[in-house]
file target38.cif (mmCIF, C-alpha atoms)
data_final
#
loop_
_atom_site.label_atom_id
_atom_site.label_comp_id
_atom_site.auth_asym_id
_atom_site.auth_seq_id
_atom_site.Cartn_x
_atom_site.Cartn_y
_atom_site.Cartn_z
CA MET A 1 52.60 110.03 95.25
CA SER A 2 49.52 111.08 93.25
CA LEU A 3 47.12 108.61 91.66
CA ARG A 4 48.28 109.53 88.17
CA LEU A 5 51.99 109.29 88.95
CA THR A 6 51.53 106.00 90.75
CA ILE A 7 49.72 104.38 87.84
CA ALA A 8 52.15 105.86 85.34
CA ALA A 9 55.09 104.37 87.21
CA LEU A 10 53.44 100.95 87.15
CA PHE A 11 51.91 101.03 83.71
CA LEU A 12 54.49 99.27 81.60
CA ALA A 13 56.66 97.64 84.22
CA ALA A 14 59.18 94.93 83.37
CA VAL A 15 58.06 91.58 82.03
CA ALA A 16 58.50 88.67 84.45
CA PRO A 17 59.91 85.25 83.54
CA ALA A 18 57.80 83.08 81.26
CA VAL A 19 54.94 81.14 82.79
CA GLU A 20 53.73 77.69 81.81
CA ALA A 21 52.58 77.39 78.19
CA GLN A 22 48.81 77.15 77.60
CA SER A 23 46.97 75.36 74.80
CA VAL A 24 45.37 78.65 73.79
CA ALA A 25 47.26 81.71 74.94
CA ALA A 26 46.30 85.38 74.72
CA GLY A 27 48.30 87.57 72.40
CA PHE A 28 48.49 91.26 73.27
CA GLN A 29 49.11 94.48 71.36
CA HIS A 30 49.08 98.10 72.48
CA ARG A 31 47.99 100.44 69.71
CA VAL A 32 46.84 104.02 69.00
CA THR A 33 44.23 104.54 66.29
CA GLN A 34 44.31 107.14 63.56
CA ASP A 35 41.88 109.13 65.73
CA GLY A 36 44.33 109.11 68.63
CA ILE A 37 42.42 106.56 70.70
CA GLU A 38 44.56 104.23 72.83
CA VAL A 39 43.55 100.59 72.40
CA GLY A 40 44.64 97.34 74.00
CA VAL A 41 44.06 94.32 71.77
CA TRP A 42 43.94 90.70 72.93
CA TYR A 43 43.50 87.67 70.66
CA PRO A 44 43.89 83.88 70.67
CA THR A 45 47.35 82.66 69.79
CA SER A 46 49.90 80.00 70.70
CA GLY A 47 53.19 80.34 72.51
CA ILE A 48 54.55 80.73 75.99
CA PRO A 49 52.94 83.63 77.87
CA VAL A 50 54.97 85.99 80.01
CA ARG A 51 53.71 87.79 83.09
CA GLN A 52 53.46 91.48 82.29
CA ARG A 53 52.61 94.40 84.55
CA LEU A 54 49.93 96.67 83.10
CA GLY A 55 49.19 99.61 85.37
CA LEU A 56 47.61 98.28 88.56
CA TYR A 57 47.23 94.83 87.08
CA THR A 58 49.18 91.89 85.66
CA GLN A 59 48.46 89.71 82.67
CA ASP A 60 49.89 86.48 81.25
CA VAL A 61 50.16 87.14 77.51
CA VAL A 62 52.33 86.62 74.45
CA PRO A 63 53.22 90.20 73.44
CA ASP A 64 52.76 90.96 69.71
CA ALA A 65 52.17 87.27 69.02
CA ARG A 66 51.14 85.90 65.65
CA LEU A 67 47.49 86.30 64.76
CA PRO A 68 45.05 83.38 64.71
CA LYS A 69 43.64 81.77 61.60
CA GLY A 70 39.99 81.84 60.67
CA ARG A 71 37.34 84.44 61.55
CA HIS A 72 36.70 85.36 65.15
CA PRO A 73 34.05 87.41 66.98
CA LEU A 74 35.04 90.83 68.30
CA VAL A 75 34.28 92.22 71.77
CA VAL A 76 34.97 95.89 72.56
CA ILE A 77 35.38 97.04 76.16
CA SER A 78 34.46 100.46 77.58
CA HIS A 79 35.90 101.40 80.98
CA GLY A 80 34.44 103.55 83.74
CA THR A 81 35.09 107.19 84.60
CA GLY A 82 38.77 107.87 85.22
CA GLY A 83 39.90 104.42 84.07
CA ASP A 84 41.72 103.18 81.00
CA PHE A 85 41.90 100.21 78.66
CA ALA A 86 43.63 97.97 81.23
CA GLY A 87 40.89 97.89 83.87
CA HIS A 88 39.31 94.63 82.69
CA VAL A 89 42.48 92.85 81.61
CA ASP A 90 41.58 89.49 83.13
CA THR A 91 38.23 89.48 81.34
CA ALA A 92 39.96 90.38 78.08
CA VAL A 93 42.47 87.55 78.50
CA ALA A 94 39.67 85.07 79.30
CA LEU A 95 37.79 86.10 76.16
CA ALA A 96 40.92 85.84 74.01
CA GLN A 97 41.63 82.35 75.33
CA ALA A 98 38.04 81.45 74.39
CA GLY A 99 38.60 82.53 70.78
CA PHE A 100 37.56 86.19 70.76
CA ILE A 101 39.36 89.25 69.47
CA VAL A 102 39.11 91.88 72.21
CA ALA A 103 39.68 95.63 71.90
CA ALA A 104 39.54 97.87 74.99
CA LEU A 105 39.81 101.60 74.44
CA THR A 106 40.89 104.45 76.69
CA HIS A 107 38.16 107.09 76.39
CA PRO A 108 39.60 110.49 75.39
CA GLY A 109 38.95 113.12 78.06
CA ASP A 110 37.66 110.57 80.57
CA ASN A 111 40.63 108.59 81.84
CA TRP A 112 43.15 108.68 84.69
CA ARG A 113 45.53 110.90 82.72
CA ASP A 114 42.89 113.38 81.55
CA ASN A 115 39.38 113.55 83.00
CA SER A 116 38.64 117.07 81.78
CA ARG A 117 35.58 115.87 79.80
CA ALA A 118 34.26 113.26 82.20
CA THR A 119 30.71 114.67 82.10
CA ARG A 120 30.67 114.87 78.30
CA ILE A 121 29.33 111.35 78.28
CA GLU A 122 27.77 111.80 74.83
CA ARG A 123 31.31 111.55 73.40
CA ARG A 124 31.76 108.02 74.66
CA PRO A 125 29.52 106.01 72.28
CA PRO A 126 31.13 107.57 69.16
CA ALA A 127 34.58 106.67 70.55
CA LEU A 128 33.40 103.09 71.07
CA SER A 129 32.08 102.95 67.50
CA ALA A 130 35.33 104.46 66.19
CA THR A 131 37.20 101.65 67.94
CA ILE A 132 34.99 99.05 66.24
CA SER A 133 35.69 100.72 62.88
CA TYR A 134 39.42 100.68 63.57
CA MET A 135 39.37 96.99 64.41
CA LEU A 136 37.31 96.07 61.35
CA LYS A 137 39.16 98.23 58.85
CA ALA A 138 42.52 99.60 59.98
CA TRP A 139 43.89 97.12 62.51
CA ALA A 140 46.55 94.96 60.89
CA GLY A 141 44.67 91.80 61.82
CA HIS A 142 41.23 92.94 60.67
CA ALA A 143 40.89 90.02 58.27
CA VAL A 144 40.59 87.56 61.18
CA ILE A 145 37.51 89.36 62.60
CA ASP A 146 33.97 88.34 61.67
CA PRO A 147 32.20 91.73 61.28
CA ASN A 148 28.83 90.08 61.82
CA ARG A 149 29.73 88.96 65.35
CA VAL A 150 30.49 92.05 67.43
CA GLY A 151 29.73 92.39 71.14
CA ALA A 152 30.40 95.13 73.69
CA PHE A 153 31.19 95.09 77.40
CA GLY A 154 30.91 98.18 79.59
CA PHE A 155 31.50 98.97 83.25
CA SER A 156 30.07 102.00 85.10
CA ALA A 157 30.23 104.90 82.60
CA GLY A 158 31.17 102.21 80.12
CA GLY A 159 27.92 100.43 80.93
CA PHE A 160 26.04 103.56 79.97
CA THR A 161 28.21 103.79 76.86
CA VAL A 162 27.31 100.36 75.53
CA LEU A 163 23.62 100.88 76.32
CA ALA A 164 23.65 104.10 74.26
CA ALA A 165 25.56 102.39 71.45
CA ALA A 166 22.97 99.59 71.50
CA GLY A 167 20.06 101.99 71.03
CA GLY A 168 19.49 103.61 74.42
CA ARG A 169 18.48 107.27 74.55
CA PRO A 170 18.69 108.88 78.02
CA ASP A 171 16.78 111.87 79.33
CA MET A 172 19.54 113.94 80.91
CA THR A 173 17.05 116.36 82.51
CA ARG A 174 16.41 113.60 85.07
CA PHE A 175 19.65 114.68 86.75
CA ALA A 176 17.93 117.68 88.32
CA ASP A 177 15.54 115.70 90.54
CA HIS A 178 18.05 112.93 91.17
CA CYS A 179 20.78 115.25 92.40
CA ALA A 180 18.36 117.41 94.39
CA GLN A 181 17.48 114.26 96.35
CA HIS A 182 20.98 112.73 96.42
CA PRO A 183 23.53 115.56 96.20
CA VAL A 184 26.39 113.49 97.63
CA PHE A 185 26.11 110.65 95.11
CA PHE A 186 29.22 110.37 92.95
CA VAL A 187 27.52 111.30 89.67
CA CYS A 188 26.09 114.44 91.28
CA THR A 189 29.39 115.60 92.77
CA LEU A 190 31.05 115.00 89.40
CA LEU A 191 28.41 117.07 87.62
CA LYS A 192 28.87 119.85 90.16
CA ALA A 193 32.62 119.84 89.52
CA GLN A 194 32.14 119.79 85.73
CA PRO A 195 28.80 121.54 85.00
CA ARG A 196 27.15 121.05 81.63
CA THR A 197 23.84 121.74 79.92
CA LEU A 198 21.45 118.83 80.41
CA THR A 199 18.82 118.27 77.74
CA ARG A 200 16.07 115.78 77.02
CA VAL A 201 17.13 115.40 73.40
CA TRP A 202 19.71 112.69 72.76
CA PRO A 203 20.78 112.01 69.17
CA SER A 204 20.71 108.43 67.99
CA MET A 205 24.10 106.80 68.50
CA THR A 206 22.99 103.25 67.74
CA ASP A 207 25.73 101.10 66.23
CA PRO A 208 23.95 98.26 64.41
CA ARG A 209 27.18 96.26 64.26
CA ILE A 210 26.82 95.46 67.97
CA LYS A 211 24.83 92.25 68.42
CA ALA A 212 25.03 91.68 72.22
CA ILE A 213 26.14 93.69 75.26
CA ILE A 214 27.25 93.09 78.84
CA VAL A 215 26.56 95.93 81.28
CA ALA A 216 28.18 95.99 84.73
CA ALA A 217 27.12 98.57 87.35
CA PRO A 218 25.91 101.08 84.74
CA ALA A 219 26.28 104.78 85.50
CA ILE A 220 23.28 107.15 85.37
CA GLY A 221 20.81 104.33 84.83
CA PHE A 222 18.11 106.61 86.23
CA THR A 223 18.24 108.66 82.99
CA PHE A 224 16.63 105.75 81.12
CA ASP A 225 12.93 104.96 81.12
CA ARG A 226 11.07 102.42 79.00
CA ALA A 227 10.87 104.84 76.09
CA GLY A 228 14.59 105.54 76.36
CA LEU A 229 15.56 101.87 76.18
CA ARG A 230 12.94 100.61 73.74
CA GLY A 231 15.58 100.68 71.00
CA VAL A 232 17.74 98.12 72.81
CA ARG A 233 16.58 94.91 71.17
CA ILE A 234 19.76 92.86 71.36
CA PRO A 235 20.63 90.42 74.19
CA VAL A 236 21.81 92.05 77.44
CA GLN A 237 23.65 90.57 80.42
CA LEU A 238 23.32 92.98 83.37
CA TRP A 239 25.34 92.98 86.61
CA ARG A 240 24.76 94.73 89.95
CA ALA A 241 27.13 94.97 92.91
CA ASP A 242 24.87 94.64 95.94
CA ASP A 243 27.09 96.82 98.16
CA ASP A 244 27.84 99.46 95.54
CA GLY A 245 28.61 102.68 97.39
CA ILE A 246 29.37 104.64 94.22
CA LEU A 247 26.22 103.83 92.24
CA PRO A 248 23.84 102.51 94.92
CA ALA A 249 20.62 100.63 94.28
CA PRO A 250 17.96 101.17 93.08
CA PHE A 251 18.95 104.05 90.81
CA TYR A 252 21.40 102.49 88.40
CA ALA A 253 21.48 98.79 87.43
CA ASP A 254 17.96 98.27 88.80
CA ALA A 255 16.59 101.20 86.80
CA VAL A 256 18.07 99.74 83.63
CA ARG A 257 16.71 96.29 84.43
CA VAL A 258 13.16 97.65 84.76
CA ALA A 259 13.34 99.80 81.62
CA LEU A 260 14.78 97.27 79.17
CA PRO A 261 12.14 96.03 76.68
CA LYS A 262 13.41 92.45 76.92
CA THR A 263 14.29 90.78 80.20
CA PRO A 264 18.07 90.78 80.57
CA GLU A 265 20.19 88.00 82.01
CA PHE A 266 20.57 89.58 85.44
CA HIS A 267 23.25 88.88 88.05
CA SER A 268 23.43 90.43 91.53
CA VAL A 269 26.67 89.98 93.45
CA PRO A 270 26.27 89.84 97.25
CA GLY A 271 29.02 91.64 99.13
CA ALA A 272 30.51 93.24 96.03
CA GLY A 273 31.42 96.92 95.86
CA HIS A 274 31.50 99.04 92.75
CA PHE A 275 35.16 98.51 91.93
CA ASP A 276 35.01 94.74 92.37
CA PHE A 277 34.16 94.57 88.67
CA LEU A 278 37.69 95.79 87.95
CA ALA A 279 40.38 93.15 87.57
CA PRO A 280 42.12 92.01 90.77
CA CYS A 281 45.08 94.30 91.38
CA ALA A 282 48.66 93.06 91.47
CA ASP A 283 49.16 94.84 94.80
CA PRO A 284 45.90 96.03 96.41
CA ALA A 285 47.82 98.22 98.87
CA THR A 286 49.06 100.40 95.98
CA MET A 287 45.63 101.88 95.33
CA PRO A 288 43.23 100.64 98.04
CA GLN A 289 40.36 102.89 96.95
CA LEU A 290 40.18 100.91 93.70
CA CYS A 291 41.79 97.61 94.62
CA ALA A 292 40.60 96.76 98.13
CA SER A 293 37.41 94.75 98.58
CA ALA A 294 35.22 94.53 101.65
CA PRO A 295 36.28 92.02 104.32
CA GLY A 296 35.12 88.57 103.32
CA PHE A 297 34.74 89.35 99.62
CA ASP A 298 37.27 87.53 97.43
CA ARG A 299 37.64 89.51 94.20
CA THR A 300 39.85 86.89 92.58
CA ALA A 301 37.35 84.10 93.23
CA PHE A 302 34.49 86.30 92.04
CA HIS A 303 36.28 87.09 88.79
CA ALA A 304 36.78 83.41 88.03
CA ASP A 305 32.98 83.04 87.99
CA PHE A 306 32.36 86.46 86.45
CA ASN A 307 34.70 85.85 83.52
CA ALA A 308 33.18 82.43 82.92
CA ASP A 309 29.71 84.00 82.68
CA VAL A 310 30.98 86.75 80.39
CA VAL A 311 32.59 84.21 78.06
CA ARG A 312 29.53 81.94 78.09
CA PHE A 313 27.17 84.80 77.26
CA PHE A 314 29.18 86.04 74.31
CA VAL A 315 29.74 82.49 73.04
CA GLU A 316 25.98 81.93 73.10
CA LYS A 317 24.94 85.27 71.63
CA LEU A 318 27.66 85.68 69.01
CA ARG A 319 27.35 82.25 67.42
CA ARG A 320 27.86 82.08 63.68
#
call {"tool": "encode", "arguments": {"input": "target38.cif", "output": "structure tokens"}}
result
Amino acid sequence: MSLRLTIAALFLAAVAPAVEAQSVAAGFQHRVTQDGIEVGVWYPTSGIPVRQRLGLYTQDVVPDARLPKGRHPLVVISHGTGGDFAGHVDTAVALAQAGFIVAALTHPGDNWRDNSRATRIERRPPALSATISYMLKAWAGHAVIDPNRVGAFGFSAGGFTVLAAAGGRPDMTRFADHCAQHPVFFVCTLLKAQPRTLTRVWPSMTDPRIKAIIVAAPAIGFTFDRAGLRGVRIPVQLWRADDDGILPAPFYADAVRVALPKTPEFHSVPGAGHFDFLAPCADPATMPQLCASAPGFDRTAFHADFNADVVRFFVEKLRR
């Protein structure tokens, strides 16, 4: 069975029996914006969660639960190339249980159903900003969001996305030298499969509503130099997988770390591969290329610590 058919068959599988009630549960909604962008929304609520299959993953949520009272910070999530909104479901649930509203989008033209525009990475930051606008204006629960406390989380191509939305301006002509030296790297084989014109000029896509970002294993970090990231003045938490075979050091997370004008909160993860930043899969054997970790690396245990650091960072940086 193909990757797309396998995920489609799993995507909205039956809900399991209810699990034990939690003091703060995560509500969940699946929506499509007026721009046609698919969005998963998580938020703090009360009630008895049910275990729900979501693509390769599971989540314990209260579907379409009542909205919380008060005003809550918003975190938007941008997935990697060929992913979708569900890839960081455990992180979204952890944030919702900590009091955040979370919105994860599926990037049009760069997802597992349709990756025909995967190299048109300049379309990603506007889609992220459109999702923020939807949550602040059109989402039925927009009144419970504090528009002055917005953060963004991005993995892989999503890491690049949130850097660009936070003020980063890449030099895409750097691809030429990079791919001449490393033609078998993933980003270079993708560009060969989907050629595009690469220019030095990058229009400003800064979204001033974003006040803090978390960047995990950022794609094409080598396109940023100090001049390209001088506009990123907000707090940054940066993660590197030390055994990343997709975006290997020192060309990606390390390049971003060096170029940022302010020292980020940096985390390196020994033994982790690129896809270990994705949520633990319900059945790793279903899609081992995404779900399987290296021998000795416990993705579930890592995510317990990872999610705690993600929550702590946003709590600190998005205070009232």
call {"tool": "atom_distance", "arguments": {"input": "target38.cif", "atom1": "CA of Gly245 in chain A", "atom2": "CA of Phe185 in chain A"}}
result
8.7 Å
call {"tool": "resolve_selection", "arguments": {"input": "target38.cif", "expression": "the PyMOL selection byres ((chain A and resi 57) around 10)", "output": "count of residues only"}}
result
23
call {"tool": "closest_residue", "arguments": {"input": "target38.cif", "among": "A:Val32, A:Ala193, A:Ile214, A:Ile132", "to": "Gly159 in chain A", "atoms": "only C-alpha atoms"}}
result
A:Ile214
call {"tool": "closest_atom_pairs", "arguments": {"input": "target38.cif", "of": "range 195-239 of chain A", "to": "range 270-274 of chain A", "cutoff": "12 Å", "atoms": "all atoms listed in the file", "output": "Markdown table"}}
result
| residue | atom | partner | partner_atom | distance |
| --- | --- | --- | --- | --- |
| A:Ala216 | CA | A:His274 | CA | 9.2 |
| A:Ala217 | CA | A:His274 | CA | 7.0 |
| A:Pro218 | CA | A:His274 | CA | 10.0 |
| A:Ala219 | CA | A:His274 | CA | 10.6 |
| A:Trp239 | CA | A:His274 | CA | 10.6 |
call {"tool": "resolve_selection", "arguments": {"input": "target38.cif", "expression": "the PyMOL selection byres ((chain A and resi 123) around 10)", "output": "CSV table (one decimal) with C-alpha atoms, keeping the file's coordinate frame"}}
result
chain,number,residue,atom,x,y,z
A,107,HIS,CA,38.2,107.1,76.4
A,108,PRO,CA,39.6,110.5,75.4
A,109,GLY,CA,39.0,113.1,78.1
A,110,ASP,CA,37.7,110.6,80.6
A,117,ARG,CA,35.6,115.9,79.8
A,118,ALA,CA,34.3,113.3,82.2
A,119,THR,CA,30.7,114.7,82.1
A,120,ARG,CA,30.7,114.9,78.3
A,121,ILE,CA,29.3,111.4,78.3
A,122,GLU,CA,27.8,111.8,74.8
A,124,ARG,CA,31.8,108.0,74.7
A,125,PRO,CA,29.5,106.0,72.3
A,126,PRO,CA,31.1,107.6,69.2
A,127,ALA,CA,34.6,106.7,70.6
A,128,LEU,CA,33.4,103.1,71.1
A,161,THR,CA,28.2,103.8,76.9
A,205,MET,CA,24.1,106.8,68.5
call {"tool": "closest_residue", "arguments": {"input": "target38.cif", "among": "A:Asp242, A:Glu38, A:Asp298, A:Asp171", "to": "Phe85 in chain A", "atoms": "all atoms listed in the file"}}
result
A:Glu38
call {"tool": "residues_around", "arguments": {"input": "target38.cif", "residues": "range 246-258 of chain A", "least_positions_apart": "3", "cutoff": "9 Å", "atoms": "only C-alpha atoms", "output": "PyMOL selection string"}}
result
chain A and resi 156+178+185-187+215-226+229+238-243+261+263-264+266+273-275
call {"tool": "closest_residue", "arguments": {"input": "target38.cif", "among": "A:Ala25, A:Val62, A:Val310, A:Ile210", "to": "Asp146 in chain A", "atoms": "only C-alpha atoms"}}
result
A:Ile210
call {"tool": "closest_residue", "arguments": {"input": "target38.cif", "among": "A:His30, A:Arg233, A:Lys211, A:Arg149", "to": "Ala259 in chain A", "atoms": "all atoms listed in the file"}}
result
A:Arg233
call {"tool": "closest_residue", "arguments": {"input": "target38.cif", "among": "A:Arg31, A:Arg312, A:Lys262, A:His142", "to": "Gly70 in chain A", "atoms": "only C-alpha atoms"}}
result
A:His142
call {"tool": "closest_residue", "arguments": {"input": "target38.cif", "among": "A:Asp177, A:Asp276, A:Asp60, A:Glu265", "to": "Phe313 in chain A", "atoms": "all atoms listed in the file"}}
result
A:Glu265
call {"tool": "resolve_selection", "arguments": {"input": "target38.cif", "expression": "the PyMOL selection byres ((chain A and resi 208) around 10)", "output": "VMD selection string"}}
result
chain A and resid 129 148 150 165 to 167 205 to 207 209 to 211 234
call {"tool": "axis_aligned_box", "arguments": {"input": "target38.cif", "around": "range 115-122 of chain A", "padding_each_side": "6 Å", "output": "lines of an AutoDock Vina configuration file"}}
result
center_x = 33.6
center_y = 114.2
center_z = 78.9
size_x = 23.6
size_y = 17.7
size_z = 20.2
call {"tool": "residues_around", "arguments": {"input": "target38.cif", "residues": "Thr173 in chain A", "least_positions_apart": "6", "cutoff": "9 Å", "atoms": "all atoms listed in the file", "output": "CSV table (one decimal) with C-alpha atoms, in the frame of the given file"}}
result
chain,number,residue,atom,x,y,z
A,198,LEU,CA,21.4,118.8,80.4
A,199,THR,CA,18.8,118.3,77.7
A,200,ARG,CA,16.1,115.8,77.0
A,223,THR,CA,18.2,108.7,83.0
call {"tool": "atom_distance", "arguments": {"input": "target38.cif", "atom1": "CA of Trp112 in chain A", "atom2": "CA of Ser293 in chain A"}}
result
20.5 Å
call {"tool": "atom_distance", "arguments": {"input": "target38.cif", "atom1": "CA of Pro49 in chain A", "atom2": "CA of Phe100 in chain A"}}
result
17.1 Å
